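**Q** Below is a structure I'd like to ask you about.
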Amino acid sequence: MATSRTEPVRGESATPELSVVIPAYNSGEVLESTVRQFAEYFSTSATKSTSPTESTSPTESTSPVEIIVVENGSTDNTADVCAALSATWSWPGVSFRPMSSDKGMGAALRAGIIASRGERVLLTADDLPFGFGDIEGANRVMADMGSIPPAVIGSKAHAESEVERGLLRAIMTGGFATLRRAILGTRTGDPQGTFIVDGALARRIAPALAERGFLFTTELDYALELAGVRPVEVPIRLSDDHLAHASRISPKDVVQMANGLLSLRRRKKELAAVAGTGYRG
């Protein structure tokens, strides 16, 4: 794996409060819009990070954020979009870091986590499926708790989430959830959502994560739960644009993911050892 740039990027802070990791595979049609929406949100919003903050003026940069886009084997113009964004980047308090990795969503997320520098790491998608509801939900949880949980998930399984699923998708999701609980014993309702994870914890775990596809976040959740960390799930609403597109997960993917659960179960001790304290199994 190689990165497309390693030098400091204009606007970077030594230690960003948040690293936003976006895997990009044939994302040319949506990537620029997604990246610019993130940049505008963190550059101008009073809520500039995943922790509650005081209201600030739109031009202040009190919560530095880095956006890491990881292109992974695209055959369209995704790499060109990244290059153009990098060449013209000028958002205060927000830096942009394009990278490349081996093909696969999991491979891209793993590379992005390892390269991240933020106190927390947000793992999201190239089409901004939940808008910023996951981030704002995390803010509310942190305000209520008075502390920052190690991991938060924007979860489609949350009772208050607004998610419209077709019958086939509901059957696939329910079947996979049943298998996951039976094989791994995990308690998280939806490990396929967006993650906001303590940066040091994520970077400690990421090198040991081996899944290259959709099962990556399930593997991450499994490692977290083995460490005694139960991710806090927050409600989300699927964006209208996301609802307009067909699911990228096919029945074949679910079968492969089910087989992958058995592989994860065999790696239980390895993942527990890497994850750290809290595991007593």
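Starting from 1 in every chain, residues are counted up; chains themselves are A, B, ... following the order of the structure tokens, and ligands are numbered from 1 as listed.
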Give me, as JSON lines, each residue of range 158-226 of chain A that comes within 9 Å of range 85-107 of chain A, together with its shortest interatomic pair and the distance in Å at one decimal, counting only C-alpha atoms, with rows ordered by chain and rising residue number.

**A**
{"residue": "A:Leu209", "atom": "CA", "partner": "A:Gly106", "partner_atom": "CA", "distance": 8.7}
{"residue": "A:Ala210", "atom": "CA", "partner": "A:Gly106", "partner_atom": "CA", "distance": 8.0}
{"residue": "A:Glu211", "atom": "CA", "partner": "A:Gly106", "partner_atom": "CA", "distance": 5.7}
{"residue": "A:Arg212", "atom": "CA", "partner": "A:Gly106", "partner_atom": "CA", "distance": 3.9}
{"residue": "A:Gly213", "atom": "CA", "partner": "A:Gly106", "partner_atom": "CA", "distance": 4.6}
{"residue": "A:Phe214", "atom": "CA", "partner": "A:Gly106", "partner_atom": "CA", "distance": 6.4}
{"residue": "A:Leu215", "atom": "CA", "partner": "A:Gly106", "partner_atom": "CA", "distance": 7.3}
{"residue": "A:Phe216", "atom": "CA", "partner": "A:Gly106", "partner_atom": "CA", "distance": 4.9}
{"residue": "A:Thr217", "atom": "CA", "partner": "A:Gly106", "partner_atom": "CA", "distance": 7.7}

**Q** Filtering to N, CA and C atoms, could you give me those residues as a compact mmCIF listing (two decimals), in the first residue's frame?

**A**
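The result, written out as selection13.txt:
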# COMPACT_ATOMS: atom_id res chain seq x y z
N LEU A 209 -6.62 -6.13 12.09
CA LEU A 209 -7.87 -6.40 11.38
C LEU A 209 -7.57 -6.87 9.96
N ALA A 210 -8.18 -7.97 9.57
CA ALA A 210 -7.80 -8.62 8.32
C ALA A 210 -8.88 -8.58 7.25
N GLU A 211 -10.10 -8.24 7.60
CA GLU A 211 -11.19 -8.26 6.62
C GLU A 211 -11.04 -7.12 5.62
N ARG A 212 -11.17 -7.44 4.34
CA ARG A 212 -10.99 -6.44 3.29
C ARG A 212 -12.30 -5.91 2.72
N GLY A 213 -13.42 -6.54 3.08
CA GLY A 213 -14.69 -6.15 2.50
C GLY A 213 -15.66 -5.60 3.53
N PHE A 214 -16.96 -5.89 3.33
CA PHE A 214 -18.02 -5.34 4.18
C PHE A 214 -17.91 -5.81 5.63
N LEU A 215 -17.23 -6.91 5.88
CA LEU A 215 -17.17 -7.46 7.22
C LEU A 215 -16.18 -6.71 8.13
N PHE A 216 -15.49 -5.73 7.58
CA PHE A 216 -14.46 -5.03 8.36
C PHE A 216 -15.03 -4.41 9.63
N THR A 217 -16.15 -3.71 9.53
CA THR A 217 -16.67 -3.04 10.73
C THR A 217 -17.22 -4.05 11.74

**Q** Which of range 27-151 of chain A counts as strand (DSSP E or B) under DSSP, as number ranges by chain please?

**A** A: 65-71, 94-100, 120-123, 151

**Q** Mind writing the picked residues with C-alpha atoms as a CSV table (one decimal), in the first residue's frame?

**A**
chain,number,residue,atom,x,y,z
A,65,VAL,CA,-10.4,18.1,11.5
A,66,GLU,CA,-8.6,16.0,8.9
A,67,ILE,CA,-10.5,14.3,6.0
A,68,ILE,CA,-8.7,11.2,4.7
A,69,VAL,CA,-10.0,9.8,1.5
A,70,VAL,CA,-8.7,6.3,0.7
A,71,GLU,CA,-9.0,5.4,-3.0
A,94,VAL,CA,-10.0,21.3,8.0
A,95,SER,CA,-7.2,19.4,6.1
A,96,PHE,CA,-7.5,17.0,3.2
A,97,ARG,CA,-5.3,13.9,2.8
A,98,PRO,CA,-5.8,11.7,-0.2
A,99,MET,CA,-4.4,8.1,0.0
A,100,SER,CA,-4.5,4.9,-1.9
A,120,ARG,CA,-11.2,10.3,17.5
A,121,VAL,CA,-11.7,8.6,14.1
A,122,LEU,CA,-15.0,8.7,12.1
A,123,LEU,CA,-15.4,5.8,9.6
A,151,ALA,CA,-16.9,4.0,20.5

**Q** What residues in range 35-141 of chain A get the DSSP label helix (DSSP H, G or I)? Please answer as an MDAnalysis selection string.

**A** chainID A and resid 35:44 78:88 105:115 133:141

**Q** What's the 7 Å shell around range 229-237 of chain A, counting only C-alpha atoms, without same-chain residues fewer than 6 positions away, as a list in words?

**A**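 Counting only the stated atoms, we get Phe130, Gly133, Asp134, Gly137, Ala138, Ala151, Val152, Ile153, Gly154, Ser155, Lys156, His158, Glu160, Ser161, Glu162, Val163 and Thr188 of chain A.
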
**Q** Produce a file of the selected residues containing C-alpha atoms, as an mmCIF file, in the first residue's frame.

**A**
data_model
loop_
_atom_site.group_PDB
_atom_site.id
_atom_site.type_symbol
_atom_site.label_atom_id
_atom_site.label_comp_id
_atom_site.auth_asym_id
_atom_site.auth_seq_id
_atom_site.Cartn_x
_atom_site.Cartn_y
_atom_site.Cartn_z
ATOM 1 C CA PHE A 130 -26.787 9.566 7.292
ATOM 2 C CA GLY A 133 -27.081 12.764 12.097
ATOM 3 C CA ASP A 134 -24.562 10.250 13.412
ATOM 4 C CA GLY A 137 -26.315 11.929 17.796
ATOM 5 C CA ALA A 138 -22.871 11.303 19.239
ATOM 6 C CA ALA A 151 -16.950 4.035 20.469
ATOM 7 C CA VAL A 152 -20.207 5.325 19.003
ATOM 8 C CA ILE A 153 -22.098 3.821 16.053
ATOM 9 C CA GLY A 154 -24.647 5.529 13.828
ATOM 10 C CA SER A 155 -26.943 2.515 13.946
ATOM 11 C CA LYS A 156 -29.768 1.479 11.652
ATOM 12 C CA HIS A 158 -31.592 1.806 16.899
ATOM 13 C CA GLU A 160 -35.438 5.684 16.823
ATOM 14 C CA SER A 161 -33.632 5.335 13.483
ATOM 15 C CA GLU A 162 -35.570 6.265 10.349
ATOM 16 C CA VAL A 163 -34.723 3.508 7.891
ATOM 17 C CA THR A 188 -24.156 -4.503 19.017
#

**Q** Using only C-alpha atoms, find the one residue out of A:Glu136, A:Asp198, A:Glu32, A:Asp221 that sits nearest to Ala84 in chain A.

**A**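 Nearest candidate to Ala84 in chain A out of A:Glu136, A:Asp198, A:Glu32, A:Asp221: A:Glu32.
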
**Q** Show me, as a PyMOL selection string, the residues that have an atom within 12 Å of range 257-262 of chain A when counting only C-alpha atoms, minus same-chain residues fewer than 6 positions from it.

**A** chain A and resi 172-173+175-186+192+210-219+222+249-251+268

**Q** Contacts of Pro207 in chain A at 9 Å or less, counting only C-alpha atoms, minus same-chain residues fewer than 2 places along, as an MDAnalysis selection string?

**A** chainID A and resid 110:111 113:114 203:205 209:210 274

**Q** Residues within 7 Å of Arg117 in chain A, please, as a list in words. Count only C-alpha atoms; anything in the same chain fewer than 4 positions from it doesn't count.

**A**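 Those residues are Thr15, Pro16 and Ser19 of chain A.
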
**Q** I need the residues from that last selection saved to file as a PDB file, in the first residue's frame (with C-alpha atoms), if you can.

**A**
ATOM      1  CA  THR A  15      -3.203  16.595  16.596  1.00  0.00           C
ATOM      2  CA  PRO A  16      -6.630  16.932  14.978  1.00  0.00           C
ATOM      3  CA  SER A  19     -10.065  12.164  11.539  1.00  0.00           C
TER       4      SER A  19
END

**Q** So how far away is CA of Thr124 in chain A from CA of Ala157 in chain A, in Å?

**A** 16.6 Å

**Q** Compile the contact shell of range 269-271 of chain A as a count of residues only: residues with an atom at most 10 Å away, counting only C-alpha atoms, same-chain residues fewer than 3 positions apart removed.

**A** 18

**Q** When you draw a straight line from CA of Ala206 in chain A to CA of Asn26 in chain A, how long is it in Å?

**A**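 CA of Ala206 in chain A sits 23.9 Å away from CA of Asn26 in chain A.
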
**Q** Find, counting only C-alpha atoms, the residue in A:Leu18, A:Pro129, A:Ser74, A:Glu119 that gets nearest to Thr34 in chain A.

**A** A:Pro129

**Q** Between A:Pro149, A:Gly28, A:Gly189, A:Pro23, which residue has the minimum interatomic distance to Leu109 in chain A, considering only C-alpha atoms?

**A**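 That would be A:Pro23, the residue with the smallest distance to Leu109 in chain A.
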